[in-house]
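K.L.:
My structure is below; once you've seen it, I'll send some questions.
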Amino acid sequence: MAHDAGIDTPTADSGAGLGALDSGGVRRRDFINIAAVSAAGVSGLVVLYPLISQMAPSADVLAESSTEIDLAAIQPGQAIKALFRKQPLFVRNLMPEEIKKATDVDNNASEFSKLRDPQTLADRTKPGKQNWLITMGVCTHLGCVPLGAGPGEEMSRGAFGGYFCPCHGSAYDTAARIRKGPAPRNLEVPPYEFTSDTVVKIG
Amino acid sequence: MSFPWAKQYTPSHPAMVWLDERLPLPRLIYGAVGAGYEVPRNLNYFWNFGFMAGLCLVIQIVTGIVLAMHFAPNSAIAFDSTEHIMRDVNWGWLMRYGHSNGAALFFAVIYLHIFRGFYYGSYKAPREMIWLLGVVIFLLMMATAFMGYVLPWGQMSYWAAQVITGFFTAFPLIGDGLKEWLLGGFAPDNATLNRFFSLHFLLPFVILGVVILHIWSLHIPGSSNPTGVEVKSKADTVPFHPYYTAKDGWTVGLFMVIYGLFVFYMPNSMGHPDNYIPANPMQTPAHIVPEWYFWPFYAILRSFTQPLLFIPGKLMGVLAMFAAILVWFIMPWLDRSPVRSAKFRPLYRKFFWALVVDVLVLGYCGVSPPEQPYILLAQLATIYYFAHFFIIVPLVSSIERPEPLPFSITEAVLGHDGQAALAAKG
């Protein structure tokens, strides 16, 4: 404190006076002050890092293996839910008229430009496998599971015939593209490959 | 602080004198919530909700600590341990119903406390800090209530965690990473449940700390009152104890009757049956709604269905929902009228009630399914909500002609005041 008069202690803010002056008016005590405060500050930040990082997904969560799905039993028009990274995955066998509904939008420039997240059905499926629509079953709004893939949900696919999120009313079309409601993006297409004609490996 | 005429703590028993010289805790309590705190004599029943809110916090902490002795914060057994509390633990049903209904009534009390603040202008100088700390308490309460709701790990718990942490994915670039960091995974799971339990245990004590700051800052200027006229003389005040301890005691009794009605006769009336289904990551409940105390904010979130000003609807919804509460922070500076109480502000009073109706409409839209006409109604109500704060309040405070204020609290109560007569003569 500056008022500690009588005690032979240099004050931090007065350049003149009691401390041993080096050249340029910098005192040793200033150096010690700055070094100590800096060390404490940096140490504090270093301790903060593990405290924040411990909340990120742990190694066992990150080590989720990929998932294999057998498509043989999925009839045209049918969709199933599988689990991928503890999140639902939709696998849908599109009917020809559903494919047509999606490609009609792709081929109509004015319709296509109106899409919120413009992608064609071809962008979202594998070549020659356009009937297999494989997406995450996680609404891009706030993460609910849209209706339309579970058993008995064929009537709840919303105004665009794809999927419908009951939480906040987002409607997806038959390419799982967002068409109406608050969701910003199309349902995410995870990385996947066909290991045979009827088996697909996700992840 | 206290008024010069406030009674001083004078211990008579030698043991209390001994204690007072070493740790003057009884003196602190005497001055804060005892006979040493002078309070305006004209407080109406709206001033009882602060005391009741404090009681609610104590009830929540006591029942919560008891529940934590039996609850297991692990996603494999959390649901079963909740049922174990309900069926097997002695009086476990009372503790859990007391805790869940206590939370809802805590919000009811807090909303009435906030209502009081808005109507009587309690946020105005020199009481801004009390108001700011109050908004902080409310935000902490919302976070605490949300994390507590997740703990039973039922369907509504799980999907509340999914939807509410989903808010953070609205932020560009960092959003997805932020959500994964909050959850400790890609979707709510054991890591999420465990950390929410830890934070749900911590936050009430943080709230308690901010409540102490809230009361501390209240004691600098002293309590506000329904006229909004500051205390002028000894005739304007009475000691907190016994006058307001007795009055608060009476409404605590009323509160307990209502609390008892819920806990003993309709303990699930404010809950959702879906939460008695164990969490299922593969199936979202058909109609997902938050607890009633979040409905108005939920309606604001949902009312942005299209991009606005090139900002995606989802981000706008999340920003608007947070802004709906954060705007309260600047209320002391939006409302520039020097008159505190709406009792003397004919124009503000009308708009105040319009806002109350607007919030009720938002609440109604929040619980309704996301379809027309509720979406349009919610959109209009959201526009009005923000117009109230950013346009109506500043405008009204500059054009309004308030009604004449009483000279003093005593004059307002008795119709005359010796001080007023003196002032008139002088």
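Ordered as shown in the structure tokens, chains take letters A, B, and onward, while each chain numbers its residues from 1 and ligands are numbered from 1 in the order shown.
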Got a sec to pull out which chain B residues are within 9 Å of chain A, counting only C-alpha atoms, and send them as a PDB file with C-alpha atoms, in the first residue's frame?
P.N.:
```pdb
ATOM      1  CA  TRP B 159     -35.496 -34.802 -25.131  1.00  0.00           C
ATOM      2  CA  GLN B 162     -31.394 -32.831 -26.619  1.00  0.00           C
ATOM      3  CA  VAL B 163     -33.503 -29.799 -27.591  1.00  0.00           C
ATOM      4  CA  ILE B 164     -32.032 -27.297 -25.143  1.00  0.00           C
ATOM      5  CA  THR B 165     -28.390 -28.174 -25.843  1.00  0.00           C
ATOM      6  CA  GLY B 166     -29.468 -28.059 -29.515  1.00  0.00           C
ATOM      7  CA  PHE B 167     -29.915 -24.279 -29.056  1.00  0.00           C
ATOM      8  CA  PHE B 168     -26.148 -23.956 -29.095  1.00  0.00           C
ATOM      9  CA  THR B 169     -25.822 -25.582 -32.534  1.00  0.00           C
ATOM     10  CA  ALA B 170     -27.488 -22.452 -33.919  1.00  0.00           C
ATOM     11  CA  GLY B 177     -18.486 -28.354 -31.175  1.00  0.00           C
ATOM     12  CA  LEU B 178     -20.072 -26.398 -28.345  1.00  0.00           C
ATOM     13  CA  GLU B 180     -20.660 -31.839 -28.083  1.00  0.00           C
ATOM     14  CA  TRP B 181     -18.612 -30.187 -25.346  1.00  0.00           C
ATOM     15  CA  LEU B 182     -21.707 -29.466 -23.260  1.00  0.00           C
ATOM     16  CA  LEU B 183     -23.042 -33.002 -23.685  1.00  0.00           C
ATOM     17  CA  GLY B 184     -19.720 -34.833 -23.538  1.00  0.00           C
ATOM     18  CA  GLY B 185     -20.819 -36.793 -26.603  1.00  0.00           C
ATOM     19  CA  PHE B 186     -22.802 -36.579 -29.844  1.00  0.00           C
ATOM     20  CA  ALA B 187     -26.130 -37.033 -28.094  1.00  0.00           C
ATOM     21  CA  PRO B 188     -27.212 -36.892 -24.430  1.00  0.00           C
ATOM     22  CA  ASP B 189     -25.768 -39.881 -22.590  1.00  0.00           C
ATOM     23  CA  ALA B 191     -21.595 -38.097 -19.460  1.00  0.00           C
ATOM     24  CA  ARG B 195     -22.367 -33.531 -15.221  1.00  0.00           C
ATOM     25  CA  PRO B 281     -32.826 -41.924 -28.019  1.00  0.00           C
ATOM     26  CA  MET B 282     -34.677 -43.491 -30.980  1.00  0.00           C
ATOM     27  CA  GLN B 283     -38.115 -41.986 -30.361  1.00  0.00           C
ATOM     28  CA  THR B 284     -39.063 -38.375 -29.771  1.00  0.00           C
ATOM     29  CA  PRO B 285     -42.350 -37.955 -27.884  1.00  0.00           C
ATOM     30  CA  ALA B 286     -45.133 -36.861 -30.244  1.00  0.00           C
ATOM     31  CA  HIS B 287     -45.812 -33.574 -28.468  1.00  0.00           C
ATOM     32  CA  ILE B 288     -42.773 -32.173 -26.768  1.00  0.00           C
ATOM     33  CA  VAL B 289     -43.319 -29.208 -24.469  1.00  0.00           C
ATOM     34  CA  ARG B 302     -40.453 -21.329 -32.265  1.00  0.00           C
ATOM     35  CA  SER B 303     -41.859 -18.198 -33.851  1.00  0.00           C
ATOM     36  CA  PHE B 304     -38.871 -17.695 -36.187  1.00  0.00           C
ATOM     37  CA  THR B 305     -39.687 -20.131 -38.982  1.00  0.00           C
ATOM     38  CA  GLN B 306     -37.969 -18.273 -41.819  1.00  0.00           C
ATOM     39  CA  PRO B 307     -34.596 -16.545 -42.178  1.00  0.00           C
ATOM     40  CA  PRO B 312     -31.217 -18.381 -40.260  1.00  0.00           C
ATOM     41  CA  GLY B 313     -34.543 -18.806 -38.477  1.00  0.00           C
ATOM     42  CA  LYS B 314     -33.038 -21.215 -35.986  1.00  0.00           C
ATOM     43  CA  LEU B 315     -30.342 -18.765 -34.869  1.00  0.00           C
ATOM     44  CA  GLY B 317     -35.154 -18.024 -32.553  1.00  0.00           C
ATOM     45  CA  PRO B 369     -48.707 -27.664 -31.308  1.00  0.00           C
ATOM     46  CA  PRO B 370     -46.428 -25.922 -33.866  1.00  0.00           C
ATOM     47  CA  GLU B 371     -49.122 -25.242 -36.461  1.00  0.00           C
TER      48      GLU B 371
END
```
K.L.:
Pull the strand (DSSP E) assignments for stretch 14-200 of chain A out of DSSP run on the backbone, and list those residues as a ChimeraX atom specification.
P.N.:
/A:67-70,79-84,87-93,132-136,161-164,171-173,178-180,192-194,199-200
K.L.:
Kindly save the residues from that selection, with N, CA and C atoms included, as an mmCIF file, in the first residue's frame.
P.N.:
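Result saved to part08.cif:
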```
data_model
loop_
_atom_site.group_PDB
_atom_site.id
_atom_site.type_symbol
_atom_site.label_atom_id
_atom_site.label_comp_id
_atom_site.auth_asym_id
_atom_site.auth_seq_id
_atom_site.Cartn_x
_atom_site.Cartn_y
_atom_site.Cartn_z
ATOM 1 N N THR A 67 -21.116 -48.854 -38.162
ATOM 2 C CA THR A 67 -22.280 -49.728 -38.079
ATOM 3 C C THR A 67 -22.541 -50.338 -39.454
ATOM 4 N N GLU A 68 -22.846 -51.646 -39.481
ATOM 5 C CA GLU A 68 -23.219 -52.286 -40.748
ATOM 6 C C GLU A 68 -24.714 -52.569 -40.747
ATOM 7 N N ILE A 69 -25.342 -52.321 -41.886
ATOM 8 C CA ILE A 69 -26.787 -52.530 -41.976
ATOM 9 C C ILE A 69 -27.098 -53.398 -43.188
ATOM 10 N N ASP A 70 -27.936 -54.411 -42.961
ATOM 11 C CA ASP A 70 -28.394 -55.289 -44.038
ATOM 12 C C ASP A 70 -29.671 -54.709 -44.622
ATOM 13 N N ALA A 79 -39.023 -47.658 -44.327
ATOM 14 C CA ALA A 79 -37.835 -47.035 -43.741
ATOM 15 C C ALA A 79 -37.563 -47.692 -42.404
ATOM 16 N N ILE A 80 -36.284 -47.767 -42.029
ATOM 17 C CA ILE A 80 -35.952 -48.305 -40.710
ATOM 18 C C ILE A 80 -35.088 -47.299 -39.964
ATOM 19 N N LYS A 81 -35.048 -47.499 -38.647
ATOM 20 C CA LYS A 81 -34.172 -46.690 -37.811
ATOM 21 C C LYS A 81 -33.057 -47.592 -37.306
ATOM 22 N N ALA A 82 -31.821 -47.132 -37.411
ATOM 23 C CA ALA A 82 -30.702 -47.857 -36.825
ATOM 24 C C ALA A 82 -29.982 -46.892 -35.887
ATOM 25 N N LEU A 83 -28.983 -47.397 -35.179
ATOM 26 C CA LEU A 83 -28.266 -46.563 -34.235
ATOM 27 C C LEU A 83 -26.837 -46.356 -34.728
ATOM 28 N N PHE A 84 -26.426 -45.092 -34.832
ATOM 29 C CA PHE A 84 -25.072 -44.772 -35.258
ATOM 30 C C PHE A 84 -24.560 -43.668 -34.338
ATOM 31 N N GLN A 87 -26.933 -42.153 -31.999
ATOM 32 C CA GLN A 87 -27.967 -41.303 -32.553
ATOM 33 C C GLN A 87 -28.731 -42.100 -33.599
ATOM 34 N N PRO A 88 -30.010 -41.756 -33.794
ATOM 35 C CA PRO A 88 -30.780 -42.521 -34.771
ATOM 36 C C PRO A 88 -30.333 -42.233 -36.212
ATOM 37 N N LEU A 89 -30.385 -43.300 -37.022
ATOM 38 C CA LEU A 89 -30.032 -43.216 -38.438
ATOM 39 C C LEU A 89 -31.247 -43.718 -39.215
ATOM 40 N N PHE A 90 -31.635 -42.979 -40.267
ATOM 41 C CA PHE A 90 -32.771 -43.405 -41.094
ATOM 42 C C PHE A 90 -32.247 -44.052 -42.372
ATOM 43 N N VAL A 91 -32.747 -45.256 -42.668
ATOM 44 C CA VAL A 91 -32.442 -45.907 -43.942
ATOM 45 C C VAL A 91 -33.768 -46.131 -44.646
ATOM 46 N N ARG A 92 -33.928 -45.524 -45.824
ATOM 47 C CA ARG A 92 -35.230 -45.574 -46.482
ATOM 48 C C ARG A 92 -35.076 -46.075 -47.904
ATOM 49 N N ASN A 93 -35.927 -46.998 -48.261
ATOM 50 C CA ASN A 93 -35.989 -47.511 -49.626
ATOM 51 C C ASN A 93 -37.069 -46.733 -50.361
ATOM 52 N N TRP A 132 -31.832 -45.653 -52.193
ATOM 53 C CA TRP A 132 -31.417 -45.790 -50.795
ATOM 54 C C TRP A 132 -31.074 -44.430 -50.208
ATOM 55 N N LEU A 133 -32.015 -43.898 -49.447
ATOM 56 C CA LEU A 133 -31.820 -42.597 -48.800
ATOM 57 C C LEU A 133 -31.372 -42.857 -47.366
ATOM 58 N N ILE A 134 -30.080 -42.593 -47.127
ATOM 59 C CA ILE A 134 -29.515 -42.873 -45.806
ATOM 60 C C ILE A 134 -29.108 -41.557 -45.163
ATOM 61 N N THR A 135 -29.800 -41.210 -44.063
ATOM 62 C CA THR A 135 -29.532 -39.931 -43.388
ATOM 63 C C THR A 135 -29.556 -40.133 -41.883
ATOM 64 N N MET A 136 -29.005 -39.150 -41.172
ATOM 65 C CA MET A 136 -29.166 -39.149 -39.726
ATOM 66 C C MET A 136 -30.634 -38.850 -39.417
ATOM 67 N N GLY A 161 -43.829 -35.438 -47.730
ATOM 68 C CA GLY A 161 -43.719 -36.880 -47.916
ATOM 69 C C GLY A 161 -42.426 -37.509 -47.455
ATOM 70 N N GLY A 162 -41.538 -36.715 -46.854
ATOM 71 C CA GLY A 162 -40.272 -37.296 -46.391
ATOM 72 C C GLY A 162 -40.342 -37.620 -44.920
ATOM 73 N N TYR A 163 -39.941 -36.649 -44.111
ATOM 74 C CA TYR A 163 -40.002 -36.795 -42.665
ATOM 75 C C TYR A 163 -40.606 -35.524 -42.082
ATOM 76 N N PHE A 164 -41.149 -35.650 -40.858
ATOM 77 C CA PHE A 164 -41.756 -34.500 -40.211
ATOM 78 C C PHE A 164 -41.336 -34.473 -38.752
ATOM 79 N N ALA A 171 -40.554 -29.795 -41.871
ATOM 80 C CA ALA A 171 -40.962 -30.841 -42.815
ATOM 81 C C ALA A 171 -39.855 -31.070 -43.841
ATOM 82 N N TYR A 172 -39.502 -32.329 -44.037
ATOM 83 C CA TYR A 172 -38.452 -32.710 -44.988
ATOM 84 C C TYR A 172 -39.090 -33.449 -46.148
ATOM 85 N N ASP A 173 -38.488 -33.330 -47.358
ATOM 86 C CA ASP A 173 -39.072 -33.982 -48.525
ATOM 87 C C ASP A 173 -38.474 -35.374 -48.717
ATOM 88 N N ILE A 178 -34.752 -30.034 -46.175
ATOM 89 C CA ILE A 178 -35.646 -29.172 -45.400
ATOM 90 C C ILE A 178 -36.482 -28.331 -46.354
ATOM 91 N N ARG A 179 -37.798 -28.348 -46.150
ATOM 92 C CA ARG A 179 -38.687 -27.600 -47.032
ATOM 93 C C ARG A 179 -39.511 -26.571 -46.273
ATOM 94 N N LYS A 180 -39.790 -26.831 -45.002
ATOM 95 C CA LYS A 180 -40.707 -25.948 -44.274
ATOM 96 C C LYS A 180 -40.381 -26.076 -42.793
ATOM 97 N N TYR A 192 -20.810 -43.147 -45.763
ATOM 98 C CA TYR A 192 -21.121 -44.584 -45.801
ATOM 99 C C TYR A 192 -20.712 -45.151 -47.150
ATOM 100 N N GLU A 193 -20.603 -46.485 -47.211
ATOM 101 C CA GLU A 193 -20.310 -47.144 -48.493
ATOM 102 C C GLU A 193 -21.032 -48.484 -48.543
ATOM 103 N N PHE A 194 -21.340 -48.895 -49.780
ATOM 104 C CA PHE A 194 -21.943 -50.212 -49.979
ATOM 105 C C PHE A 194 -20.825 -51.243 -50.003
ATOM 106 N N VAL A 199 -25.560 -54.755 -48.335
ATOM 107 C CA VAL A 199 -24.998 -54.370 -47.036
ATOM 108 C C VAL A 199 -24.320 -53.013 -47.170
ATOM 109 N N VAL A 200 -24.646 -52.136 -46.198
ATOM 110 C CA VAL A 200 -24.050 -50.810 -46.218
ATOM 111 C C VAL A 200 -23.323 -50.597 -44.892
#
```
K.L.:
Using the chain letters and numbers from this document, which residues of stretch 42-182 of chain A does DSSP assign to helix (DSSP H, G or I), as number ranges by chain?
P.N.:
A: 42-53, 59-62, 96-107, 109-113, 121-124, 154-156
K.L.:
To one decimal in Å, tell me the separation between atom CA of B:Pro14 and atom CA of B:Pro26.
P.N.:
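Separation between atom CA of B:Pro14 and atom CA of B:Pro26: 13.7 Å.
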K.L.:
Would you please work out which residue, of B:Val17, B:Leu67, B:Ala143, B:Ile114, is nearest to B:Ala161 when using only C-alpha atoms?
P.N.:
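When distances to B:Ala161 are compared using only C-alpha atoms, the smallest one comes from B:Ala143.
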K.L.:
Taking into account only C-alpha atoms, which residue in the set B:Ile61, B:Leu112, B:Asp236, B:Gly134 is nearest to B:Asp417?
P.N.:
B:Asp236
K.L.:
State, in Å with one decimal place, the distance from atom CA of B:Pro204 to atom CA of B:Phe138.
P.N.:
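Interatomic distance here is 11.5 Å.
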